[in-house]
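What follows is the content of upload.cif, which has mmCIF, C-alpha atoms:
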```cif
data_data
loop_
_atom_site.group_PDB
_atom_site.id
_atom_site.type_symbol
_atom_site.label_atom_id
_atom_site.label_comp_id
_atom_site.auth_asym_id
_atom_site.auth_seq_id
_atom_site.Cartn_x
_atom_site.Cartn_y
_atom_site.Cartn_z
ATOM 1 C CA MET A 1 -10.591 13.352 2.427
ATOM 2 C CA ASP A 2 -11.827 15.028 5.644
ATOM 3 C CA SER A 3 -14.965 12.881 5.602
ATOM 4 C CA VAL A 4 -13.138 9.553 5.303
ATOM 5 C CA ARG A 5 -13.137 7.529 8.491
ATOM 6 C CA SER A 6 -9.969 5.897 9.738
ATOM 7 C CA PRO A 7 -9.951 2.122 9.193
ATOM 8 C CA GLU A 8 -11.521 0.083 11.953
ATOM 9 C CA TRP A 9 -8.721 -2.368 12.634
ATOM 10 C CA PRO A 10 -9.902 -5.643 14.175
ATOM 11 C CA VAL A 11 -7.605 -7.432 16.597
ATOM 12 C CA ALA A 12 -5.867 -10.277 14.793
ATOM 13 C CA PRO A 13 -6.487 -13.607 16.606
ATOM 14 C CA LEU A 14 -3.668 -16.086 17.035
ATOM 15 C CA GLY A 15 -3.775 -19.689 15.903
ATOM 16 C CA GLY A 16 -2.707 -19.905 12.281
ATOM 17 C CA ALA A 17 -4.552 -19.362 9.014
ATOM 18 C CA ALA A 18 -7.897 -20.776 10.135
ATOM 19 C CA ALA A 19 -8.081 -18.543 13.212
ATOM 20 C CA ASN A 20 -6.882 -15.572 11.161
ATOM 21 C CA SER A 21 -9.338 -16.113 8.321
ATOM 22 C CA ALA A 22 -12.058 -13.751 7.179
ATOM 23 C CA ALA A 23 -14.700 -16.249 8.338
ATOM 24 C CA ALA A 24 -13.282 -16.312 11.874
ATOM 25 C CA ARG A 25 -12.846 -12.540 12.031
ATOM 26 C CA TYR A 26 -15.893 -11.241 10.196
ATOM 27 C CA GLY A 27 -18.298 -14.182 10.345
ATOM 28 C CA VAL A 28 -18.590 -14.483 6.557
ATOM 29 C CA SER A 29 -18.061 -17.426 4.240
ATOM 30 C CA PRO A 30 -15.786 -16.878 1.228
ATOM 31 C CA GLY A 31 -17.376 -19.730 -0.719
ATOM 32 C CA THR A 32 -15.036 -21.485 -3.077
ATOM 33 C CA GLY A 33 -11.405 -20.509 -3.434
ATOM 34 C CA PRO A 34 -8.863 -19.534 -0.774
ATOM 35 C CA ILE A 35 -9.808 -19.620 2.885
ATOM 36 C CA VAL A 36 -9.824 -15.837 3.218
ATOM 37 C CA GLY A 37 -11.776 -13.131 1.462
ATOM 38 C CA ARG A 38 -13.614 -9.847 1.659
ATOM 39 C CA ALA A 39 -17.330 -9.316 1.256
ATOM 40 C CA GLY A 40 -17.001 -8.089 -2.319
ATOM 41 C CA PRO A 41 -15.774 -5.275 -4.573
ATOM 42 C CA PRO A 42 -17.306 -1.786 -4.494
ATOM 43 C CA PRO A 43 -20.743 -1.637 -6.189
ATOM 44 C CA THR A 44 -19.556 0.503 -9.110
ATOM 45 C CA ALA A 45 -16.019 -0.083 -10.328
ATOM 46 C CA PRO A 46 -14.041 2.143 -12.698
ATOM 47 C CA PRO A 47 -12.968 0.694 -16.041
ATOM 48 C CA PRO A 48 -10.163 -1.907 -15.962
ATOM 49 C CA TYR A 49 -6.682 -0.509 -15.421
ATOM 50 C CA ARG A 50 -4.593 -0.156 -18.573
ATOM 51 C CA PRO A 51 -0.984 1.051 -18.254
ATOM 52 C CA SER A 52 -0.212 4.050 -20.414
ATOM 53 C CA SER A 53 2.573 3.949 -22.976
ATOM 54 C CA GLY A 54 4.371 6.845 -21.267
ATOM 55 C CA THR A 55 6.403 9.637 -22.793
ATOM 56 C CA ALA A 56 10.009 10.625 -22.268
ATOM 57 C CA SER A 57 10.671 13.809 -20.348
ATOM 58 C CA VAL A 58 11.696 16.785 -22.489
ATOM 59 C CA PRO A 59 14.902 18.545 -21.381
ATOM 60 C CA PRO A 60 14.637 22.304 -20.761
ATOM 61 C CA PRO A 61 15.882 24.696 -23.469
ATOM 62 C CA VAL A 62 19.568 25.541 -23.392
ATOM 63 C CA GLY A 63 20.263 28.551 -21.188
ATOM 64 C CA LYS A 64 16.976 28.282 -19.287
ATOM 65 C CA PRO A 65 17.170 26.980 -15.694
ATOM 66 C CA ALA A 66 15.319 23.737 -15.074
ATOM 67 C CA ALA A 67 12.152 23.963 -13.024
ATOM 68 C CA PRO A 68 12.174 22.104 -9.696
ATOM 69 C CA PRO A 69 10.621 18.640 -9.814
ATOM 70 C CA ILE A 70 6.918 18.332 -9.067
ATOM 71 C CA PRO A 71 6.365 16.778 -5.624
ATOM 72 C CA VAL A 72 4.027 13.763 -5.536
ATOM 73 C CA LYS A 73 2.853 12.268 -2.252
ATOM 74 C CA ILE A 74 2.461 8.481 -2.189
ATOM 75 C CA LEU A 75 1.318 6.368 0.769
ATOM 76 C CA VAL A 76 2.787 2.963 1.599
ATOM 77 C CA ALA A 77 0.087 1.233 3.618
ATOM 78 C CA GLY A 78 -0.964 -2.191 4.820
ATOM 79 C CA GLY A 79 -1.334 -4.345 7.892
ATOM 80 C CA PHE A 80 1.105 -4.912 10.719
ATOM 81 C CA GLY A 81 4.453 -6.471 9.797
ATOM 82 C CA VAL A 82 3.921 -6.695 6.027
ATOM 83 C CA GLY A 83 7.076 -4.758 5.045
ATOM 84 C CA LYS A 84 6.066 -1.088 4.803
ATOM 85 C CA THR A 85 9.145 0.277 6.592
ATOM 86 C CA THR A 86 11.388 -2.023 4.546
ATOM 87 C CA THR A 87 9.732 -0.799 1.334
ATOM 88 C CA VAL A 88 10.361 2.873 2.123
ATOM 89 C CA GLY A 89 13.928 2.232 3.258
ATOM 90 C CA ALA A 90 14.817 0.190 0.165
ATOM 91 C CA ILE A 91 13.975 2.953 -2.322
ATOM 92 C CA SER A 92 14.570 6.222 -0.449
ATOM 93 C CA GLU A 93 17.470 8.310 -1.748
ATOM 94 C CA ILE A 94 17.814 9.921 1.675
ATOM 95 C CA ALA A 95 18.221 8.287 5.060
ATOM 96 C CA PRO A 96 14.566 7.410 5.754
ATOM 97 C CA LEU A 97 12.806 8.889 8.725
ATOM 98 C CA THR A 98 11.454 6.041 10.849
ATOM 99 C CA THR A 99 9.643 5.974 14.173
ATOM 100 C CA GLU A 100 10.515 2.457 15.264
ATOM 101 C CA ALA A 101 10.052 1.276 18.841
ATOM 102 C CA GLU A 102 11.031 -2.023 20.415
ATOM 103 C CA MET A 103 8.236 -4.562 20.681
ATOM 104 C CA THR A 104 7.639 -5.715 24.254
ATOM 105 C CA SER A 105 5.661 -8.414 25.988
ATOM 106 C CA ALA A 106 2.782 -5.932 26.352
ATOM 107 C CA GLY A 107 2.071 -6.399 22.658
ATOM 108 C CA ILE A 108 1.670 -10.181 22.800
ATOM 109 C CA GLY A 109 -1.754 -11.100 21.514
ATOM 110 C CA VAL A 110 -2.239 -7.593 20.075
ATOM 111 C CA ASP A 111 0.596 -7.125 17.562
ATOM 112 C CA ASP A 112 1.058 -10.402 15.699
ATOM 113 C CA PRO A 113 3.599 -10.160 12.842
ATOM 114 C CA GLY A 114 3.142 -13.820 11.889
ATOM 115 C CA ALA A 115 5.002 -16.998 12.677
ATOM 116 C CA ARG A 116 7.662 -16.453 9.989
ATOM 117 C CA SER A 117 8.578 -12.941 11.106
ATOM 118 C CA THR A 118 11.708 -12.033 13.073
ATOM 119 C CA LYS A 119 10.372 -8.500 13.589
ATOM 120 C CA THR A 120 11.504 -6.905 16.876
ATOM 121 C CA THR A 121 10.453 -3.262 16.289
ATOM 122 C CA THR A 122 7.285 -1.567 15.120
ATOM 123 C CA THR A 123 6.359 1.788 13.566
ATOM 124 C CA VAL A 124 4.600 3.985 16.103
ATOM 125 C CA ALA A 125 3.924 7.038 13.902
ATOM 126 C CA MET A 126 5.056 6.920 10.274
ATOM 127 C CA ASP A 127 7.944 6.341 7.878
ATOM 128 C CA PHE A 128 9.172 8.946 5.406
ATOM 129 C CA GLY A 129 11.463 8.801 2.406
ATOM 130 C CA CYS A 130 11.762 10.279 -1.076
ATOM 131 C CA VAL A 131 13.006 9.284 -4.513
ATOM 132 C CA THR A 132 13.546 11.344 -7.675
ATOM 133 C CA ILE A 133 11.920 9.786 -10.736
ATOM 134 C CA ASP A 134 13.383 12.271 -13.244
ATOM 135 C CA ARG A 135 14.137 15.988 -13.454
ATOM 136 C CA SER A 136 10.414 16.802 -13.432
ATOM 137 C CA LEU A 137 9.021 14.441 -10.778
ATOM 138 C CA LYS A 138 9.884 13.486 -7.207
ATOM 139 C CA LEU A 139 8.003 11.017 -5.019
ATOM 140 C CA TYR A 140 7.576 11.606 -1.296
ATOM 141 C CA LEU A 141 6.740 8.346 0.462
ATOM 142 C CA PHE A 142 4.756 8.176 3.698
ATOM 143 C CA GLY A 143 4.533 4.805 5.413
ATOM 144 C CA THR A 144 1.496 4.334 7.627
ATOM 145 C CA PRO A 145 1.445 2.561 11.004
ATOM 146 C CA GLY A 146 -0.193 -0.836 10.917
ATOM 147 C CA GLN A 147 -1.636 -1.282 14.407
ATOM 148 C CA THR A 148 -5.221 -0.681 15.466
ATOM 149 C CA ARG A 149 -4.351 2.018 17.967
ATOM 150 C CA PHE A 150 -2.708 4.222 15.325
ATOM 151 C CA GLY A 151 -5.554 4.043 12.783
ATOM 152 C CA PHE A 152 -6.641 7.610 13.604
ATOM 153 C CA MET A 153 -3.504 8.910 11.839
ATOM 154 C CA TRP A 154 -4.515 7.608 8.420
ATOM 155 C CA ASP A 155 -6.781 10.547 7.554
ATOM 156 C CA ASP A 156 -3.963 13.054 8.101
ATOM 157 C CA LEU A 157 -1.367 10.962 6.283
ATOM 158 C CA ALA A 158 -3.675 10.469 3.281
ATOM 159 C CA ARG A 159 -4.425 14.188 2.884
ATOM 160 C CA GLY A 160 -2.854 15.418 -0.354
ATOM 161 C CA ALA A 161 -1.737 11.966 -1.523
ATOM 162 C CA LEU A 162 -2.184 11.066 -5.196
ATOM 163 C CA GLY A 163 -1.974 7.288 -4.751
ATOM 164 C CA ALA A 164 -1.076 4.438 -2.461
ATOM 165 C CA LEU A 165 0.771 1.137 -2.469
ATOM 166 C CA VAL A 166 -1.011 -1.382 -0.239
ATOM 167 C CA VAL A 167 1.608 -3.927 0.843
ATOM 168 C CA VAL A 168 0.225 -7.438 1.412
ATOM 169 C CA ASP A 169 1.565 -10.599 3.023
ATOM 170 C CA SER A 170 0.032 -13.462 1.035
ATOM 171 C CA ALA A 171 -0.048 -15.639 4.168
ATOM 172 C CA ARG A 172 -2.085 -13.045 6.124
ATOM 173 C CA LEU A 173 -4.396 -11.471 3.567
ATOM 174 C CA ASP A 174 -7.118 -10.371 5.973
ATOM 175 C CA ASP A 175 -4.660 -8.019 7.698
ATOM 176 C CA CYS A 176 -4.851 -5.728 4.654
ATOM 177 C CA PHE A 177 -8.657 -5.581 4.380
ATOM 178 C CA PRO A 178 -8.937 -2.350 6.442
ATOM 179 C CA ALA A 179 -6.366 -0.621 4.201
ATOM 180 C CA ILE A 180 -8.187 -1.599 1.000
ATOM 181 C CA ASP A 181 -11.531 -0.549 2.471
ATOM 182 C CA PHE A 182 -10.029 2.796 3.524
ATOM 183 C CA PHE A 183 -8.747 3.690 0.048
ATOM 184 C CA GLU A 184 -11.937 2.498 -1.656
ATOM 185 C CA ARG A 185 -14.002 4.775 0.602
ATOM 186 C CA ALA A 186 -11.556 7.639 0.052
ATOM 187 C CA GLY A 187 -11.600 7.199 -3.717
ATOM 188 C CA LEU A 188 -7.794 7.270 -3.759
ATOM 189 C CA PRO A 189 -6.085 5.263 -6.544
ATOM 190 C CA PHE A 190 -4.123 2.374 -5.096
ATOM 191 C CA VAL A 191 -2.083 -0.629 -6.164
ATOM 192 C CA VAL A 192 -1.902 -3.895 -4.247
ATOM 193 C CA GLY A 193 1.713 -5.049 -3.947
ATOM 194 C CA VAL A 194 2.166 -8.618 -2.706
ATOM 195 C CA ASN A 195 5.449 -8.822 -0.814
ATOM 196 C CA ALA A 196 7.252 -12.038 -1.746
ATOM 197 C CA PHE A 197 8.624 -13.117 1.631
ATOM 198 C CA ASP A 198 11.555 -15.523 1.075
ATOM 199 C CA GLY A 199 10.977 -15.132 -2.663
ATOM 200 C CA ARG A 200 7.675 -17.030 -2.766
ATOM 201 C CA LEU A 201 3.953 -16.491 -2.253
ATOM 202 C CA ALA A 202 1.506 -18.528 -0.197
ATOM 203 C CA LEU A 203 -1.167 -18.108 -2.914
ATOM 204 C CA GLU A 204 -1.279 -17.393 -6.626
ATOM 205 C CA LEU A 205 -1.977 -13.822 -7.721
ATOM 206 C CA GLY A 206 -5.360 -14.821 -9.157
ATOM 207 C CA GLU A 207 -6.365 -16.360 -5.832
ATOM 208 C CA ILE A 208 -5.190 -13.247 -4.008
ATOM 209 C CA ARG A 209 -7.301 -10.996 -6.256
ATOM 210 C CA TRP A 210 -10.327 -13.192 -5.575
ATOM 211 C CA ALA A 211 -9.733 -13.212 -1.821
ATOM 212 C CA LEU A 212 -9.285 -9.437 -1.661
ATOM 213 C CA ALA A 213 -12.395 -8.886 -3.827
ATOM 214 C CA ILE A 214 -10.693 -6.161 -5.870
ATOM 215 C CA GLY A 215 -11.788 -5.330 -9.390
ATOM 216 C CA ASP A 216 -9.761 -5.458 -12.585
ATOM 217 C CA HIS A 217 -9.213 -1.697 -12.365
ATOM 218 C CA VAL A 218 -6.895 -2.248 -9.354
ATOM 219 C CA PRO A 219 -3.376 -3.342 -10.383
ATOM 220 C CA LEU A 220 -2.046 -6.362 -8.488
ATOM 221 C CA VAL A 221 1.743 -6.817 -8.574
ATOM 222 C CA GLN A 222 4.315 -9.034 -6.902
ATOM 223 C CA PHE A 223 7.430 -7.351 -5.540
ATOM 224 C CA ASP A 224 10.241 -7.749 -3.017
ATOM 225 C CA ALA A 225 10.252 -5.036 -0.344
ATOM 226 C CA ARG A 226 13.996 -5.534 0.180
ATOM 227 C CA ASP A 227 14.956 -4.953 -3.448
ATOM 228 C CA ARG A 228 15.289 -1.349 -4.669
ATOM 229 C CA LEU A 229 14.481 -2.082 -8.314
ATOM 230 C CA SER A 230 11.498 -4.222 -7.383
ATOM 231 C CA VAL A 231 10.110 -1.457 -5.155
ATOM 232 C CA ARG A 232 10.763 1.077 -7.932
ATOM 233 C CA ASP A 233 8.697 -0.950 -10.394
ATOM 234 C CA ALA A 234 5.811 -1.216 -7.920
ATOM 235 C CA LEU A 235 5.856 2.542 -7.263
ATOM 236 C CA LEU A 236 5.894 3.300 -10.981
ATOM 237 C CA VAL A 237 2.662 1.330 -11.292
ATOM 238 C CA VAL A 238 1.187 3.473 -8.491
ATOM 239 C CA LEU A 239 2.320 6.625 -10.280
ATOM 240 C CA ASP A 240 0.905 5.435 -13.600
ATOM 241 C CA ARG A 241 -2.400 4.577 -11.897
ATOM 242 C CA ALA A 242 -2.579 8.035 -10.316
ATOM 243 C CA LEU A 243 -1.807 9.771 -13.631
ATOM 244 C CA ASP A 244 -4.405 7.626 -15.398
ATOM 245 C CA ARG A 245 -7.007 8.636 -12.801
ATOM 246 C CA ALA A 246 -6.059 12.319 -13.055
ATOM 247 C CA THR A 247 -6.338 12.195 -16.856
ATOM 248 C CA ARG A 248 -9.802 10.627 -16.725
ATOM 249 C CA ASP A 249 -10.979 13.168 -14.160
ATOM 250 C CA ARG A 250 -9.730 16.056 -16.303
ATOM 251 C CA ARG A 251 -11.569 14.741 -19.358
ATOM 252 C CA ALA A 252 -14.809 14.207 -17.433
#
```
I'd like the structure from this file rewritten - as structure tokens, please.
Amino acid sequence: MDSVRSPEWPVAPLGGAAANSAAARYGVSPGTGPIVGRAGPPPTAPPPYRPSSGTASVPPPVGKPAAPPIPVKILVAGGFGVGKTTTVGAISEIAPLTTEAEMTSAGIGVDDPGARSTKTTTTVAMDFGCVTIDRSLKLYLFGTPGQTRFGFMWDDLARGALGALVVVDSARLDDCFPAIDFFERAGLPFVVGVNAFDGRLALELGEIRWALAIGDHVPLVQFDARDRLSVRDALLVVLDRALDRATRDRRA
């Protein structure tokens, strides 16, 4: 992880979907399909993702104290204003640690949360929360900052993580390109979670997969960052993906 570069976050232009498209930002043409897209998937992709059947946890023998749960570090990443802080806060069993600061006029033209957003604060360092899966496993969630100027923190936050949930706003897909590129370069298992703002998506999931240029081995799920059970289901997919990767690496 020490050799992975922090994502190079381009400044998001204003002016709607056309001005915020991949063609306007990166000078590439997505061809047919949605108006946004990445250059393409990594040259060699792992086999398609297949969820495991899972096994129930075995209770400890009577009279023997239970071992403490195994800590698992998970990142919640994505672009600016996609719902990372909301995701961590919705599922955390403790009062989440947040580093929110009021947005000011100095950020106009630099931090653009989108026309639909009522966001008035922004994460300036990280978010932290935790949730116990069962008596043997506990997830520690680290939310990354989404602005360009805090990209240098990603290397430190990703150190020791077993997986990541990349939160996506379907109306601003190109904002998540740096996050996807970062985890592909790092070789860290990740899941793309499309946050259903107002309960609906701007694009179909198949169109989103095409636009993000992610292979079949990357799970793509829809969830609601405000709903605890929905966030739980998304994180369980991340955990299953990380365990699947660890199992394959052990057999190799």
Q: List the residues matched by the PyMOL selection byres ((chain A and resi 91-96) around 7) in the displayed structure as a PyMOL selection string, ordered by chain and then by residue number.
A: chain A and resi 87-90+97-98+128-131+228+231-232
**Q.** Phe190 in chain A surroundings by all atoms listed in the file, 6 Å radius, close-in-sequence under 3 positions cut, as number ranges by chain
**A.** A: 163-165
(Q) On this structure, the PyMOL selection byres ((chain A and resi 235) around 12) would catch which residues? List them as a PyMOL selection string, sorted by chain and number. (A) chain A and resi 72-76+87-88+90-92+130-133+138-141+162-167+190-193+219-225+228-234+236-242
(Q) As a check of understanding, name the residues that the PyMOL selection byres ((chain A and resi 78) around 7) selects in the supplied structure, as a PyMOL selection string. (A) chain A and resi 77+79-80+82+146+166-168+176+179
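For the pair CA of Pro69 in chain A and CA of Arg135 in chain A, the interatomic distance is 5.7 Å.
Between CA of Glu184 in chain A and CA of Arg209 in chain A the interatomic distance comes to 15.0 Å.
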Q: Could you tell me which of A:Ile180, A:Ser170, A:Ile70, A:Asp175 comes closest to Gly215 in chain A if we count only C-alpha atoms?
A: A:Ile180
Q: Dig up all the protein and nucleic acid residues within 12 Å of (13.7, -11.8, 2.6) in the file frame, using all atoms listed in the file, and format them as a ChimeraX atom specification.
A: /A:82-83,86-87,116-119,195-201,223-227
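The interatomic distance for the pair CA of Leu173 in chain A and CA of Ala211 in chain A works out to 7.8 Å.
Considering the residues A:Val194, A:Asp156, A:Gly81, A:Arg172 and counting all atoms listed in the file, Gly206 in chain A has its shortest atom-to-atom contact with A:Val194.
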Please list as a PDB file with C-alpha atoms, in the coordinates of the input every residue within 6 Å of Met126 in chain A, counting all atoms listed in the file and excluding residues in the same chain fewer than 2 positions away.
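Dumped everything to result-v4.pdb:
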```pdb
ATOM      1  CA  GLY A 143       4.533   4.805   5.413  1.00  0.00           C
ATOM      2  CA  THR A 144       1.496   4.334   7.627  1.00  0.00           C
ATOM      3  CA  PRO A 145       1.445   2.561  11.004  1.00  0.00           C
TER       4      PRO A 145
END
```
Q) Using all atoms listed in the file, which of A:Arg251, A:Arg245, A:Pro71, A:Lys64 sits nearest Ser136 in chain A? A) A:Pro71
Would you mind completing range 73-99 of chain A so that it carries N, CA, C and O atoms, and writing it out as a PDB file, in the frame of the given file?
```
ATOM      1  N   LYS A  73       2.955  12.999  -3.516  1.00  0.00           N
ATOM      2  CA  LYS A  73       2.853  12.268  -2.252  1.00  0.00           C
ATOM      3  C   LYS A  73       2.224  10.908  -2.495  1.00  0.00           C
ATOM      4  O   LYS A  73       1.144  10.792  -3.065  1.00  0.00           O
ATOM      5  N   ILE A  74       2.924   9.857  -2.043  1.00  0.00           N
ATOM      6  CA  ILE A  74       2.461   8.481  -2.189  1.00  0.00           C
ATOM      7  C   ILE A  74       2.450   7.832  -0.808  1.00  0.00           C
ATOM      8  O   ILE A  74       3.415   7.959  -0.039  1.00  0.00           O
ATOM      9  N   LEU A  75       1.391   7.109  -0.486  1.00  0.00           N
ATOM     10  CA  LEU A  75       1.318   6.368   0.769  1.00  0.00           C
ATOM     11  C   LEU A  75       1.778   4.933   0.556  1.00  0.00           C
ATOM     12  O   LEU A  75       1.521   4.338  -0.495  1.00  0.00           O
ATOM     13  N   VAL A  76       2.454   4.388   1.555  1.00  0.00           N
ATOM     14  CA  VAL A  76       2.787   2.963   1.599  1.00  0.00           C
ATOM     15  C   VAL A  76       2.049   2.411   2.812  1.00  0.00           C
ATOM     16  O   VAL A  76       2.397   2.724   3.952  1.00  0.00           O
ATOM     17  N   ALA A  77       1.004   1.639   2.559  1.00  0.00           N
ATOM     18  CA  ALA A  77       0.087   1.233   3.618  1.00  0.00           C
ATOM     19  C   ALA A  77      -0.004  -0.289   3.678  1.00  0.00           C
ATOM     20  O   ALA A  77       0.571  -1.006   2.867  1.00  0.00           O
ATOM     21  N   GLY A  78      -0.766  -0.755   4.658  1.00  0.00           N
ATOM     22  CA  GLY A  78      -0.964  -2.191   4.820  1.00  0.00           C
ATOM     23  C   GLY A  78      -1.066  -2.565   6.284  1.00  0.00           C
ATOM     24  O   GLY A  78      -1.023  -1.711   7.171  1.00  0.00           O
ATOM     25  N   GLY A  79      -1.201  -3.846   6.537  1.00  0.00           N
ATOM     26  CA  GLY A  79      -1.334  -4.345   7.892  1.00  0.00           C
ATOM     27  C   GLY A  79      -0.013  -4.346   8.648  1.00  0.00           C
ATOM     28  O   GLY A  79       1.028  -3.900   8.153  1.00  0.00           O
ATOM     29  N   PHE A  80      -0.059  -4.892   9.845  1.00  0.00           N
ATOM     30  CA  PHE A  80       1.105  -4.912  10.719  1.00  0.00           C
ATOM     31  C   PHE A  80       2.114  -5.962  10.244  1.00  0.00           C
ATOM     32  O   PHE A  80       1.764  -7.105   9.950  1.00  0.00           O
ATOM     33  N   GLY A  81       3.381  -5.543  10.115  1.00  0.00           N
ATOM     34  CA  GLY A  81       4.453  -6.471   9.797  1.00  0.00           C
ATOM     35  C   GLY A  81       4.485  -6.986   8.377  1.00  0.00           C
ATOM     36  O   GLY A  81       5.022  -8.065   8.125  1.00  0.00           O
ATOM     37  N   VAL A  82       3.939  -6.217   7.415  1.00  0.00           N
ATOM     38  CA  VAL A  82       3.921  -6.695   6.027  1.00  0.00           C
ATOM     39  C   VAL A  82       5.111  -6.187   5.218  1.00  0.00           C
ATOM     40  O   VAL A  82       5.314  -6.629   4.080  1.00  0.00           O
ATOM     41  N   GLY A  83       5.893  -5.232   5.758  1.00  0.00           N
ATOM     42  CA  GLY A  83       7.076  -4.758   5.045  1.00  0.00           C
ATOM     43  C   GLY A  83       7.012  -3.312   4.592  1.00  0.00           C
ATOM     44  O   GLY A  83       7.749  -2.921   3.673  1.00  0.00           O
ATOM     45  N   LYS A  84       6.189  -2.490   5.221  1.00  0.00           N
ATOM     46  CA  LYS A  84       6.066  -1.088   4.803  1.00  0.00           C
ATOM     47  C   LYS A  84       7.350  -0.303   5.063  1.00  0.00           C
ATOM     48  O   LYS A  84       7.833   0.423   4.185  1.00  0.00           O
ATOM     49  N   THR A  85       7.902  -0.436   6.261  1.00  0.00           N
ATOM     50  CA  THR A  85       9.145   0.277   6.592  1.00  0.00           C
ATOM     51  C   THR A  85      10.287  -0.187   5.700  1.00  0.00           C
ATOM     52  O   THR A  85      11.101   0.623   5.230  1.00  0.00           O
ATOM     53  N   THR A  86      10.352  -1.483   5.432  1.00  0.00           N
ATOM     54  CA  THR A  86      11.388  -2.023   4.546  1.00  0.00           C
ATOM     55  C   THR A  86      11.242  -1.469   3.140  1.00  0.00           C
ATOM     56  O   THR A  86      12.232  -1.137   2.474  1.00  0.00           O
ATOM     57  N   THR A  87       9.995  -1.334   2.670  1.00  0.00           N
ATOM     58  CA  THR A  87       9.732  -0.799   1.334  1.00  0.00           C
ATOM     59  C   THR A  87      10.246   0.629   1.208  1.00  0.00           C
ATOM     60  O   THR A  87      10.936   0.974   0.237  1.00  0.00           O
ATOM     61  N   VAL A  88       9.923   1.478   2.169  1.00  0.00           N
ATOM     62  CA  VAL A  88      10.361   2.873   2.123  1.00  0.00           C
ATOM     63  C   VAL A  88      11.882   2.957   2.210  1.00  0.00           C
ATOM     64  O   VAL A  88      12.529   3.707   1.457  1.00  0.00           O
ATOM     65  N   GLY A  89      12.484   2.188   3.095  1.00  0.00           N
ATOM     66  CA  GLY A  89      13.928   2.232   3.258  1.00  0.00           C
ATOM     67  C   GLY A  89      14.696   1.722   2.053  1.00  0.00           C
ATOM     68  O   GLY A  89      15.810   2.178   1.780  1.00  0.00           O
ATOM     69  N   ALA A  90      14.113   0.776   1.309  1.00  0.00           N
ATOM     70  CA  ALA A  90      14.817   0.190   0.165  1.00  0.00           C
ATOM     71  C   ALA A  90      14.950   1.164  -0.996  1.00  0.00           C
ATOM     72  O   ALA A  90      15.916   1.100  -1.756  1.00  0.00           O
ATOM     73  N   ILE A  91      13.996   2.092  -1.144  1.00  0.00           N
ATOM     74  CA  ILE A  91      13.975   2.953  -2.322  1.00  0.00           C
ATOM     75  C   ILE A  91      14.392   4.386  -2.026  1.00  0.00           C
ATOM     76  O   ILE A  91      14.813   5.116  -2.922  1.00  0.00           O
ATOM     77  N   SER A  92      14.328   4.818  -0.771  1.00  0.00           N
ATOM     78  CA  SER A  92      14.570   6.222  -0.449  1.00  0.00           C
ATOM     79  C   SER A  92      16.007   6.632  -0.767  1.00  0.00           C
ATOM     80  O   SER A  92      16.954   5.924  -0.441  1.00  0.00           O
ATOM     81  N   GLU A  93      16.143   7.805  -1.409  1.00  0.00           N
ATOM     82  CA  GLU A  93      17.470   8.310  -1.748  1.00  0.00           C
ATOM     83  C   GLU A  93      18.074   9.109  -0.596  1.00  0.00           C
ATOM     84  O   GLU A  93      19.223   9.543  -0.687  1.00  0.00           O
ATOM     85  N   ILE A  94      17.306   9.312   0.459  1.00  0.00           N
ATOM     86  CA  ILE A  94      17.814   9.921   1.675  1.00  0.00           C
ATOM     87  C   ILE A  94      17.710   8.897   2.803  1.00  0.00           C
ATOM     88  O   ILE A  94      17.034   7.873   2.658  1.00  0.00           O
ATOM     89  N   ALA A  95      18.387   9.161   3.907  1.00  0.00           N
ATOM     90  CA  ALA A  95      18.221   8.287   5.060  1.00  0.00           C
ATOM     91  C   ALA A  95      16.766   8.392   5.516  1.00  0.00           C
ATOM     92  O   ALA A  95      16.307   9.479   5.884  1.00  0.00           O
ATOM     93  N   PRO A  96      15.997   7.312   5.459  1.00  0.00           N
ATOM     94  CA  PRO A  96      14.566   7.410   5.754  1.00  0.00           C
ATOM     95  C   PRO A  96      14.310   7.786   7.200  1.00  0.00           C
ATOM     96  O   PRO A  96      15.032   7.363   8.110  1.00  0.00           O
ATOM     97  N   LEU A  97      13.265   8.574   7.383  1.00  0.00           N
ATOM     98  CA  LEU A  97      12.806   8.889   8.725  1.00  0.00           C
ATOM     99  C   LEU A  97      11.913   7.738   9.193  1.00  0.00           C
ATOM    100  O   LEU A  97      10.934   7.400   8.531  1.00  0.00           O
ATOM    101  N   THR A  98      12.264   7.127  10.296  1.00  0.00           N
ATOM    102  CA  THR A  98      11.454   6.041  10.849  1.00  0.00           C
ATOM    103  C   THR A  98      11.132   6.347  12.304  1.00  0.00           C
ATOM    104  O   THR A  98      11.874   7.055  12.981  1.00  0.00           O
ATOM    105  N   THR A  99      10.041   5.806  12.774  1.00  0.00           N
ATOM    106  CA  THR A  99       9.643   5.974  14.173  1.00  0.00           C
ATOM    107  C   THR A  99       9.465   4.581  14.763  1.00  0.00           C
ATOM    108  O   THR A  99       8.370   4.189  15.154  1.00  0.00           O
TER     109      THR A  99
END
```
